[in-house]
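As provided, coords_25.pdb (PDB, C-alpha atoms) reads as follows.
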ATOM      1  CA  MET A   1     -23.940  50.079  22.936  1.00  0.00           C
ATOM      2  CA  ALA A   2     -24.496  46.792  24.734  1.00  0.00           C
ATOM      3  CA  TYR A   3     -25.618  45.266  21.456  1.00  0.00           C
ATOM      4  CA  ALA A   4     -22.391  46.236  19.679  1.00  0.00           C
ATOM      5  CA  THR A   5     -20.280  44.859  22.537  1.00  0.00           C
ATOM      6  CA  GLN A   6     -22.200  41.607  22.535  1.00  0.00           C
ATOM      7  CA  THR A   7     -21.835  41.217  18.768  1.00  0.00           C
ATOM      8  CA  GLN A   8     -18.140  42.023  18.899  1.00  0.00           C
ATOM      9  CA  SER A   9     -17.408  39.488  21.649  1.00  0.00           C
ATOM     10  CA  GLY A  10     -19.391  36.902  19.674  1.00  0.00           C
ATOM     11  CA  SER A  11     -17.278  37.676  16.621  1.00  0.00           C
ATOM     12  CA  LEU A  12     -14.105  37.208  18.613  1.00  0.00           C
ATOM     13  CA  SER A  13     -15.148  33.742  19.673  1.00  0.00           C
ATOM     14  CA  LEU A  14     -16.006  32.935  16.072  1.00  0.00           C
ATOM     15  CA  LEU A  15     -12.602  34.174  14.953  1.00  0.00           C
ATOM     16  CA  ALA A  16     -10.985  32.126  17.710  1.00  0.00           C
ATOM     17  CA  ARG A  17     -12.896  29.075  16.506  1.00  0.00           C
ATOM     18  CA  PHE A  18     -11.713  29.618  12.924  1.00  0.00           C
ATOM     19  CA  ALA A  19      -8.140  29.959  14.188  1.00  0.00           C
ATOM     20  CA  GLU A  20      -8.547  26.706  16.110  1.00  0.00           C
ATOM     21  CA  ILE A  21      -9.888  24.906  13.021  1.00  0.00           C
ATOM     22  CA  ARG A  22      -7.033  26.281  10.921  1.00  0.00           C
ATOM     23  CA  GLU A  23      -4.467  25.149  13.502  1.00  0.00           C
ATOM     24  CA  HIS A  24      -5.999  21.665  13.635  1.00  0.00           C
ATOM     25  CA  ALA A  25      -6.012  21.390   9.835  1.00  0.00           C
ATOM     26  CA  SER A  26      -2.413  22.554   9.665  1.00  0.00           C
ATOM     27  CA  SER A  27      -1.366  20.027  12.298  1.00  0.00           C
ATOM     28  CA  ALA A  28      -3.226  17.204  10.545  1.00  0.00           C
ATOM     29  CA  TYR A  29      -1.651  18.109   7.198  1.00  0.00           C
ATOM     30  CA  HIS A  30       1.831  18.180   8.742  1.00  0.00           C
ATOM     31  CA  ALA A  31       1.324  14.706  10.266  1.00  0.00           C
ATOM     32  CA  TRP A  32      -0.006  13.372   6.949  1.00  0.00           C
ATOM     33  CA  ARG A  33       3.062  14.751   5.120  1.00  0.00           C
ATOM     34  CA  ILE A  34       5.357  12.967   7.596  1.00  0.00           C
ATOM     35  CA  TYR A  35       3.394   9.746   7.041  1.00  0.00           C
ATOM     36  CA  ARG A  36       3.547  10.007   3.229  1.00  0.00           C
ATOM     37  CA  THR A  37       7.253  10.920   3.203  1.00  0.00           C
ATOM     38  CA  THR A  38       8.108   7.992   5.476  1.00  0.00           C
ATOM     39  CA  VAL A  39       6.096   5.527   3.384  1.00  0.00           C
ATOM     40  CA  ASN A  40       7.602   6.804   0.125  1.00  0.00           C
ATOM     41  CA  GLU A  41      11.170   6.700   1.406  1.00  0.00           C
ATOM     42  CA  LEU A  42      10.850   3.217   2.901  1.00  0.00           C
ATOM     43  CA  ASN A  43       9.103   1.884  -0.202  1.00  0.00           C
ATOM     44  CA  ALA A  44      12.012   3.159  -2.294  1.00  0.00           C
ATOM     45  CA  LEU A  45      14.433   0.860  -0.433  1.00  0.00           C
ATOM     46  CA  THR A  46      15.257  -2.615  -1.684  1.00  0.00           C
ATOM     47  CA  MET A  47      14.475  -5.741   0.340  1.00  0.00           C
ATOM     48  CA  SER A  48      18.120  -6.093   1.322  1.00  0.00           C
ATOM     49  CA  GLU A  49      18.318  -2.451   2.455  1.00  0.00           C
ATOM     50  CA  LEU A  50      15.166  -2.921   4.536  1.00  0.00           C
ATOM     51  CA  ALA A  51      16.623  -6.146   5.974  1.00  0.00           C
ATOM     52  CA  ASP A  52      19.782  -4.246   6.966  1.00  0.00           C
ATOM     53  CA  LEU A  53      17.525  -1.890   8.942  1.00  0.00           C
ATOM     54  CA  GLY A  54      15.630  -4.816  10.471  1.00  0.00           C
ATOM     55  CA  ILE A  55      12.413  -3.855   8.698  1.00  0.00           C
ATOM     56  CA  HIS A  56      10.091  -6.096   6.719  1.00  0.00           C
ATOM     57  CA  ARG A  57       8.102  -4.486   3.924  1.00  0.00           C
ATOM     58  CA  SER A  58       4.853  -5.325   5.745  1.00  0.00           C
ATOM     59  CA  GLN A  59       5.945  -3.062   8.633  1.00  0.00           C
ATOM     60  CA  ILE A  60       6.266   0.108   6.549  1.00  0.00           C
ATOM     61  CA  ARG A  61       2.737   1.362   7.203  1.00  0.00           C
ATOM     62  CA  SER A  62       3.062   0.769  10.939  1.00  0.00           C
ATOM     63  CA  ILE A  63       6.428   2.530  11.087  1.00  0.00           C
ATOM     64  CA  ALA A  64       5.059   5.498   9.135  1.00  0.00           C
ATOM     65  CA  LEU A  65       2.031   5.784  11.439  1.00  0.00           C
ATOM     66  CA  ASP A  66       4.325   5.733  14.437  1.00  0.00           C
ATOM     67  CA  ALA A  67       6.545   8.430  12.903  1.00  0.00           C
ATOM     68  CA  ALA A  68       3.615  10.688  12.035  1.00  0.00           C
ATOM     69  CA  TYR A  69       1.204  10.159  14.909  1.00  0.00           C
ATOM     70  CA  GLY A  70       3.334   8.577  17.615  1.00  0.00           C
ATOM     71  CA  GLN A  71       1.245   5.447  17.783  1.00  0.00           C
ATOM     72  CA  HIS A  72       0.124   2.436  15.812  1.00  0.00           C
ATOM     73  CA  ARG A  73      -3.396   2.466  14.453  1.00  0.00           C
TER      74      ARG A  73
END
Rewrite the coordinates I just gave you, this time as structure tokens.
Amino acid sequence: MAYATQTQSGSLSLLARFAEIREHASSAYHAWRIYRTTVNELNALTMSELADLGIHRSQIRSIALDAAYGQHR
């Protein structure tokens, strides 16, 4: 009986680990989607539209990183 309990508790930690990996992957994918959407939308703007927003085209990547991850890389 002790063997079955030990195996079961080990399985629970393995399942918890898989859930943690899945959550991390989901979070990373969500941040990546925000990054890609921001880059695509800003790249679609003209130079004059970007200038109206006070953005230079060279800043797009930095702005997208900040939107997705909350920091500049």
Atom pair atom CA of A:Tyr69 / atom CA of A:Ala31: separation (Å): 6.5 Å
Can you spell out as a PDB file with C-alpha atoms, in the coordinates of the input the set of residues that the PyMOL selection byres ((chain A and resi 39-42) around 9) selects in the structure I just provided?
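Full text of result-v8.pdb as output:
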ATOM      1  CA  ILE A  34       5.357  12.967   7.596  1.00  0.00           C
ATOM      2  CA  TYR A  35       3.394   9.746   7.041  1.00  0.00           C
ATOM      3  CA  ARG A  36       3.547  10.007   3.229  1.00  0.00           C
ATOM      4  CA  THR A  37       7.253  10.920   3.203  1.00  0.00           C
ATOM      5  CA  THR A  38       8.108   7.992   5.476  1.00  0.00           C
ATOM      6  CA  ASN A  43       9.103   1.884  -0.202  1.00  0.00           C
ATOM      7  CA  ALA A  44      12.012   3.159  -2.294  1.00  0.00           C
ATOM      8  CA  LEU A  45      14.433   0.860  -0.433  1.00  0.00           C
ATOM      9  CA  THR A  46      15.257  -2.615  -1.684  1.00  0.00           C
ATOM     10  CA  LEU A  50      15.166  -2.921   4.536  1.00  0.00           C
ATOM     11  CA  ARG A  57       8.102  -4.486   3.924  1.00  0.00           C
ATOM     12  CA  ILE A  60       6.266   0.108   6.549  1.00  0.00           C
ATOM     13  CA  ARG A  61       2.737   1.362   7.203  1.00  0.00           C
ATOM     14  CA  ILE A  63       6.428   2.530  11.087  1.00  0.00           C
ATOM     15  CA  ALA A  64       5.059   5.498   9.135  1.00  0.00           C
TER      16      ALA A  64
END
Would you give the centre and edge lengths, in Å to one decimal, of a box along x, y and z around the listed atoms of stretch 15-34 of chain A, with 6 Å added to each side, as JSON?
{"center_x": -3.8, "center_y": 23.6, "center_z": 11.4, "size_x": 30.3, "size_y": 33.2, "size_z": 24.6}
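The coordinates place atom CA of A:Ser26 at 18.7 Å from atom CA of A:Asp66.
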Atom CA of A:Glu49 to atom CA of A:Gly70: how many Å, to one decimal? 24.0 Å
